[in-house]
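For reference, protein-v3.cif is printed below; it contains mmCIF, C-alpha atoms.
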```cif
data_model
loop_
_atom_site.group_PDB
_atom_site.id
_atom_site.type_symbol
_atom_site.label_atom_id
_atom_site.label_comp_id
_atom_site.auth_asym_id
_atom_site.auth_seq_id
_atom_site.Cartn_x
_atom_site.Cartn_y
_atom_site.Cartn_z
ATOM 1 C CA MET A 16 -71.204 142.920 -24.831
ATOM 2 C CA ILE A 17 -68.589 140.386 -25.891
ATOM 3 C CA ARG A 18 -68.298 141.978 -29.343
ATOM 4 C CA THR A 19 -67.771 145.393 -27.702
ATOM 5 C CA LEU A 20 -65.146 143.964 -25.344
ATOM 6 C CA ALA A 21 -63.329 142.244 -28.190
ATOM 7 C CA ALA A 22 -63.373 145.443 -30.258
ATOM 8 C CA ALA A 23 -62.041 147.409 -27.255
ATOM 9 C CA VAL A 24 -59.197 144.941 -26.719
ATOM 10 C CA PHE A 25 -58.536 144.999 -30.470
ATOM 11 C CA ALA A 26 -58.318 148.810 -30.418
ATOM 12 C CA LEU A 27 -56.099 148.780 -27.318
ATOM 13 C CA PHE A 28 -53.697 146.323 -28.946
ATOM 14 C CA ALA A 29 -53.680 148.351 -32.152
ATOM 15 C CA LEU A 30 -52.715 151.492 -30.247
ATOM 16 C CA THR A 31 -50.066 149.925 -28.040
ATOM 17 C CA ALA A 32 -48.510 147.437 -30.429
ATOM 18 C CA SER A 33 -45.293 148.083 -32.202
ATOM 19 C CA ALA A 34 -45.078 147.665 -35.939
ATOM 20 C CA ASP A 35 -42.618 144.806 -35.470
ATOM 21 C CA ALA A 36 -44.353 141.610 -36.465
ATOM 22 C CA ARG A 37 -43.549 138.646 -34.283
ATOM 23 C CA ALA A 38 -44.203 134.986 -34.804
ATOM 24 C CA PRO A 39 -46.138 133.493 -31.896
ATOM 25 C CA ALA A 40 -45.006 130.514 -29.847
ATOM 26 C CA TYR A 41 -45.702 127.195 -31.587
ATOM 27 C CA ALA A 42 -46.029 128.806 -35.049
ATOM 28 C CA ASP A 43 -43.605 126.225 -36.454
ATOM 29 C CA GLU A 44 -45.985 123.434 -35.429
ATOM 30 C CA TRP A 45 -48.762 125.229 -37.339
ATOM 31 C CA ASN A 46 -46.727 125.425 -40.583
ATOM 32 C CA GLY A 47 -45.015 128.688 -39.700
ATOM 33 C CA ALA A 48 -42.578 128.138 -42.544
ATOM 34 C CA GLU A 49 -45.382 128.808 -45.035
ATOM 35 C CA ILE A 50 -48.087 130.628 -43.059
ATOM 36 C CA ASN A 51 -47.237 134.104 -41.835
ATOM 37 C CA TRP A 52 -48.527 133.691 -38.263
ATOM 38 C CA ARG A 53 -48.578 136.730 -35.994
ATOM 39 C CA ASP A 54 -48.992 137.070 -32.269
ATOM 40 C CA ALA A 55 -52.145 138.916 -31.165
ATOM 41 C CA ARG A 56 -50.485 142.287 -30.634
ATOM 42 C CA SER A 57 -48.605 142.568 -33.888
ATOM 43 C CA GLY A 58 -51.413 140.905 -35.866
ATOM 44 C CA ILE A 59 -54.039 143.283 -34.554
ATOM 45 C CA TYR A 60 -51.752 146.216 -35.277
ATOM 46 C CA GLU A 61 -51.177 144.963 -38.813
ATOM 47 C CA SER A 62 -54.896 144.452 -39.465
ATOM 48 C CA ALA A 63 -55.842 147.867 -38.094
ATOM 49 C CA HIS A 64 -53.246 149.575 -40.280
ATOM 50 C CA THR A 65 -53.736 147.587 -43.489
ATOM 51 C CA GLY A 66 -57.487 146.965 -43.334
ATOM 52 C CA ARG A 67 -56.932 143.238 -43.939
ATOM 53 C CA PRO A 68 -59.280 140.910 -42.040
ATOM 54 C CA VAL A 69 -58.013 138.496 -39.410
ATOM 55 C CA ILE A 70 -58.229 134.775 -38.931
ATOM 56 C CA MET A 71 -57.502 134.117 -35.270
ATOM 57 C CA VAL A 72 -56.878 130.500 -34.258
ATOM 58 C CA PHE A 73 -56.976 129.568 -30.566
ATOM 59 C CA HIS A 74 -55.260 126.363 -29.506
ATOM 60 C CA ALA A 75 -53.732 124.664 -26.471
ATOM 61 C CA THR A 76 -50.601 122.540 -26.362
ATOM 62 C CA TRP A 77 -52.414 119.712 -24.507
ATOM 63 C CA CYS A 78 -55.324 119.601 -26.988
ATOM 64 C CA SER A 79 -55.250 116.481 -29.167
ATOM 65 C CA VAL A 80 -57.872 117.936 -31.547
ATOM 66 C CA CYS A 81 -55.662 121.031 -31.979
ATOM 67 C CA LYS A 82 -52.775 118.784 -32.950
ATOM 68 C CA ARG A 83 -54.935 117.257 -35.705
ATOM 69 C CA PHE A 84 -56.075 120.747 -36.798
ATOM 70 C CA ARG A 85 -52.433 121.754 -37.409
ATOM 71 C CA GLN A 86 -52.382 119.482 -40.458
ATOM 72 C CA VAL A 87 -55.090 121.571 -42.171
ATOM 73 C CA PHE A 88 -52.636 124.488 -42.308
ATOM 74 C CA LYS A 89 -50.193 122.392 -44.358
ATOM 75 C CA ASP A 90 -52.653 122.142 -47.234
ATOM 76 C CA PRO A 91 -51.311 124.171 -50.204
ATOM 77 C CA ALA A 92 -54.713 125.796 -50.834
ATOM 78 C CA VAL A 93 -54.958 126.941 -47.196
ATOM 79 C CA VAL A 94 -51.410 128.303 -47.383
ATOM 80 C CA ALA A 95 -52.266 130.289 -50.522
ATOM 81 C CA ALA A 96 -55.591 131.551 -49.108
ATOM 82 C CA SER A 97 -53.930 132.616 -45.848
ATOM 83 C CA ARG A 98 -52.101 135.381 -47.724
ATOM 84 C CA ASP A 99 -55.363 137.343 -47.940
ATOM 85 C CA PHE A 100 -55.626 137.549 -44.142
ATOM 86 C CA VAL A 101 -53.648 138.526 -41.098
ATOM 87 C CA MET A 102 -53.157 135.134 -39.459
ATOM 88 C CA ILE A 103 -53.046 135.208 -35.652
ATOM 89 C CA LEU A 104 -52.201 132.149 -33.553
ATOM 90 C CA VAL A 105 -53.128 132.245 -29.864
ATOM 91 C CA ASP A 106 -52.125 129.771 -27.160
ATOM 92 C CA ALA A 107 -55.302 129.971 -25.059
ATOM 93 C CA ASP A 108 -53.510 128.908 -21.866
ATOM 94 C CA GLN A 109 -50.587 131.312 -22.207
ATOM 95 C CA GLU A 110 -52.549 134.318 -23.496
ATOM 96 C CA LYS A 111 -55.465 134.414 -21.074
ATOM 97 C CA GLU A 112 -56.272 138.092 -21.725
ATOM 98 C CA VAL A 113 -56.651 137.538 -25.461
ATOM 99 C CA ASN A 114 -58.498 134.263 -24.911
ATOM 100 C CA GLY A 115 -60.927 136.002 -22.561
ATOM 101 C CA ALA A 116 -61.567 138.900 -24.915
ATOM 102 C CA PHE A 117 -62.342 136.750 -27.957
ATOM 103 C CA GLN A 118 -64.790 134.061 -26.886
ATOM 104 C CA PRO A 119 -68.156 134.929 -28.410
ATOM 105 C CA ASP A 120 -69.541 131.480 -27.595
ATOM 106 C CA GLY A 121 -67.054 129.999 -25.126
ATOM 107 C CA SER A 122 -63.372 129.363 -24.613
ATOM 108 C CA TYR A 123 -63.172 125.954 -26.302
ATOM 109 C CA VAL A 124 -60.192 125.008 -28.443
ATOM 110 C CA PRO A 125 -59.548 124.847 -31.263
ATOM 111 C CA ARG A 126 -61.518 127.980 -32.040
ATOM 112 C CA THR A 127 -61.261 129.850 -35.352
ATOM 113 C CA LEU A 128 -62.539 133.411 -35.502
ATOM 114 C CA PHE A 129 -62.840 135.730 -38.478
ATOM 115 C CA LEU A 130 -62.550 139.415 -37.557
ATOM 116 C CA ASP A 131 -62.727 142.617 -39.535
ATOM 117 C CA SER A 132 -59.977 145.207 -39.177
ATOM 118 C CA ASP A 133 -61.987 146.940 -36.425
ATOM 119 C CA GLY A 134 -61.933 143.796 -34.285
ATOM 120 C CA ASN A 135 -65.524 142.692 -34.802
ATOM 121 C CA VAL A 136 -65.997 138.922 -34.758
ATOM 122 C CA SER A 137 -68.043 137.754 -37.726
ATOM 123 C CA ASP A 138 -71.233 135.834 -37.044
ATOM 124 C CA LYS A 139 -71.462 134.992 -40.769
ATOM 125 C CA LEU A 140 -68.174 133.092 -40.931
ATOM 126 C CA VAL A 141 -68.786 130.130 -38.669
ATOM 127 C CA GLY A 142 -68.582 126.368 -38.904
ATOM 128 C CA THR A 143 -71.483 123.954 -39.162
ATOM 129 C CA ASP A 144 -71.475 122.719 -35.536
ATOM 130 C CA PRO A 145 -74.279 124.623 -33.748
ATOM 131 C CA GLN A 146 -72.823 123.868 -30.302
ATOM 132 C CA TYR A 147 -69.344 125.145 -31.243
ATOM 133 C CA PRO A 148 -69.897 127.547 -34.158
ATOM 134 C CA HIS A 149 -66.305 128.803 -34.222
ATOM 135 C CA SER A 150 -64.915 125.328 -34.711
ATOM 136 C CA VAL A 151 -64.243 123.941 -38.163
ATOM 137 C CA ASN A 152 -63.506 120.464 -39.446
ATOM 138 C CA VAL A 153 -60.049 119.634 -38.099
ATOM 139 C CA ASP A 154 -59.491 116.673 -40.399
ATOM 140 C CA SER A 155 -60.031 118.343 -43.777
ATOM 141 C CA PRO A 156 -59.245 121.799 -45.173
ATOM 142 C CA ALA A 157 -62.576 121.997 -47.057
ATOM 143 C CA GLU A 158 -64.639 123.823 -44.413
ATOM 144 C CA LEU A 159 -61.893 126.322 -43.581
ATOM 145 C CA LEU A 160 -61.287 126.991 -47.282
ATOM 146 C CA ALA A 161 -65.016 127.557 -47.853
ATOM 147 C CA LEU A 162 -65.083 130.087 -44.999
ATOM 148 C CA MET A 163 -61.954 131.811 -46.319
ATOM 149 C CA LYS A 164 -63.590 132.096 -49.739
ATOM 150 C CA LYS A 165 -66.841 133.393 -48.225
ATOM 151 C CA ALA A 166 -64.821 135.984 -46.272
ATOM 152 C CA HIS A 167 -63.893 137.647 -49.555
ATOM 153 C CA SER A 168 -67.500 138.683 -50.110
ATOM 154 C CA VAL A 169 -68.242 139.392 -46.425
ATOM 155 C CA TYR A 170 -65.222 141.708 -46.133
ATOM 156 C CA ASN A 171 -65.254 142.852 -49.777
ATOM 157 C CA ILE A 172 -61.637 141.920 -50.396
ATOM 158 C CA ALA A 173 -59.906 140.804 -53.543
ATOM 159 C CA PRO A 174 -57.566 137.838 -53.238
ATOM 160 C CA ALA A 175 -53.921 138.863 -52.859
ATOM 161 C CA VAL A 176 -52.834 135.741 -54.689
ATOM 162 C CA ALA A 177 -54.564 134.919 -57.942
ATOM 163 C CA THR A 178 -55.424 131.295 -58.519
ATOM 164 C CA PRO A 179 -53.984 130.186 -61.852
ATOM 165 C CA GLU A 180 -56.613 129.262 -64.400
ATOM 166 C CA PRO A 181 -56.143 126.057 -66.344
ATOM 167 C CA SER A 182 -54.702 126.889 -69.732
ATOM 168 C CA GLY A 183 -56.473 124.097 -71.563
ATOM 169 C CA GLN A 184 -53.223 123.207 -73.318
ATOM 170 C CA ASP A 185 -51.066 120.182 -72.760
ATOM 171 C CA PRO A 186 -47.737 120.941 -71.092
ATOM 172 C CA ILE A 187 -44.764 120.694 -73.391
#
```
Could you show the structure in this file as structure tokens?
Amino acid sequence: MIRTLAAAVFALFALTASADARAPAYADEWNGAEINWRDARSGIYESAHTGRPVIMVFHATWCSVCKRFRQVFKDPAVVAASRDFVMILVDADQEKEVNGAFQPDGSYVPRTLFLDSDGNVSDKLVGTDPQYPHSVNVDSPAELLALMKKAHSVYNIAPAVATPEPSGQDPI
């Protein structure tokens, strides 16, 4: 039921959204200078039209854990990996409709969802906490990076940004 509701909201946003991409409120605090954050409407539109999967992060301004989680998005590897996804940042308190539509296991924050371009929330791309499966380690980028890497095989996508291979030669 929740998956169907989320897909319906996803489709509704995709139909009614304009092509103009907008940065959501608080994007700067989540490394908006390097991560191309979208609001829900423009991000869903972009995903539906490009076929790129979504990483949707729910937060609240009062949430101390969310404030720690922001630091994960400053990691250079997370920044590079984010280019393979449509990154959507949602203030759970300000965007109640979106928050309500995308809570497969509750409305806790921070919550990180992986969605396909049809709006289906992945049950394969979840964190290790059984009580809060859509939470990831907020103090290290390792778990998020592992999920981002796994998403490539789940969604059958090739990385947009190639990781340079070590050359094996000493720099001059």
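Within the file as shown, the PyMOL selection byres ((chain A and resi 157-173) around 9) identifies A:Arg67, A:Pro68, A:Ile70, A:Val87, A:Ala92, A:Val93, A:Ala96, A:Ser97, A:Asp99, A:Phe100, A:Thr127, A:Phe129, A:Asp131, A:Ser137, A:Lys139, A:Leu140, A:Val141, A:Gly142, A:Thr143, A:Val151, A:Asn152, A:Val153, A:Ser155, A:Pro156, A:Pro174, A:Ala175, A:Val176.
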C-alpha atoms of the current selection, written as a CSV table (one decimal), in the coordinates of the input:
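What ended up in again-v5.csv:
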```csv
chain,number,residue,atom,x,y,z
A,67,ARG,CA,-56.9,143.2,-43.9
A,68,PRO,CA,-59.3,140.9,-42.0
A,70,ILE,CA,-58.2,134.8,-38.9
A,87,VAL,CA,-55.1,121.6,-42.2
A,92,ALA,CA,-54.7,125.8,-50.8
A,93,VAL,CA,-55.0,126.9,-47.2
A,96,ALA,CA,-55.6,131.6,-49.1
A,97,SER,CA,-53.9,132.6,-45.8
A,99,ASP,CA,-55.4,137.3,-47.9
A,100,PHE,CA,-55.6,137.5,-44.1
A,127,THR,CA,-61.3,129.8,-35.4
A,129,PHE,CA,-62.8,135.7,-38.5
A,131,ASP,CA,-62.7,142.6,-39.5
A,137,SER,CA,-68.0,137.8,-37.7
A,139,LYS,CA,-71.5,135.0,-40.8
A,140,LEU,CA,-68.2,133.1,-40.9
A,141,VAL,CA,-68.8,130.1,-38.7
A,142,GLY,CA,-68.6,126.4,-38.9
A,143,THR,CA,-71.5,124.0,-39.2
A,151,VAL,CA,-64.2,123.9,-38.2
A,152,ASN,CA,-63.5,120.5,-39.4
A,153,VAL,CA,-60.0,119.6,-38.1
A,155,SER,CA,-60.0,118.3,-43.8
A,156,PRO,CA,-59.2,121.8,-45.2
A,174,PRO,CA,-57.6,137.8,-53.2
A,175,ALA,CA,-53.9,138.9,-52.9
A,176,VAL,CA,-52.8,135.7,-54.7
```
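Remark: for Ile59 in chain A, the closest of the candidate residues A:Met102, A:Val80, A:Ala95, A:Val124 is A:Met102 (distances computed over all atoms listed in the file).
Each of A:Arg98, A:His74, A:Arg37, A:Arg85 was checked against Arg126 in chain A using only C-alpha atoms; the smallest atom-to-atom distance is that of A:His74.
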Open item on the list: If I take CA of Thr76 in chain A and CA of Lys89 in chain A, how far is one from the other in Å, to one decimal?
Closed with: 18.0 Å
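Counting all atoms listed in the file and comparing A:Asn114, A:Gln86, A:Ser122, A:Asn51, the residue that lies closest to Tyr147 in chain A is A:Ser122.
Across the chains present, the PyMOL selection byres ((chain A and resi 42) around 12) applied to this file returns Arg37, Ala38, Pro39, Ala40, Tyr41, Asp43, Glu44, Trp45, Asn46, Gly47, Ala48, Glu49, Ile50, Asn51, Trp52, Arg53, Asp54, Val72, Phe73, His74, Thr76, Arg85, Phe88, Met102, Ile103, Leu104, Val105 and Asp106 of chain A.
Our summary of the geometry notes that CA of Asn135 in chain A is positioned 24.0 Å from CA of Cys81 in chain A.
Among the candidate residues A:Gln109, A:Asp138, A:Gln146, A:Ser132, the one lying nearest to Trp77 in chain A is A:Gln109, with distances computed using all atoms listed in the file.
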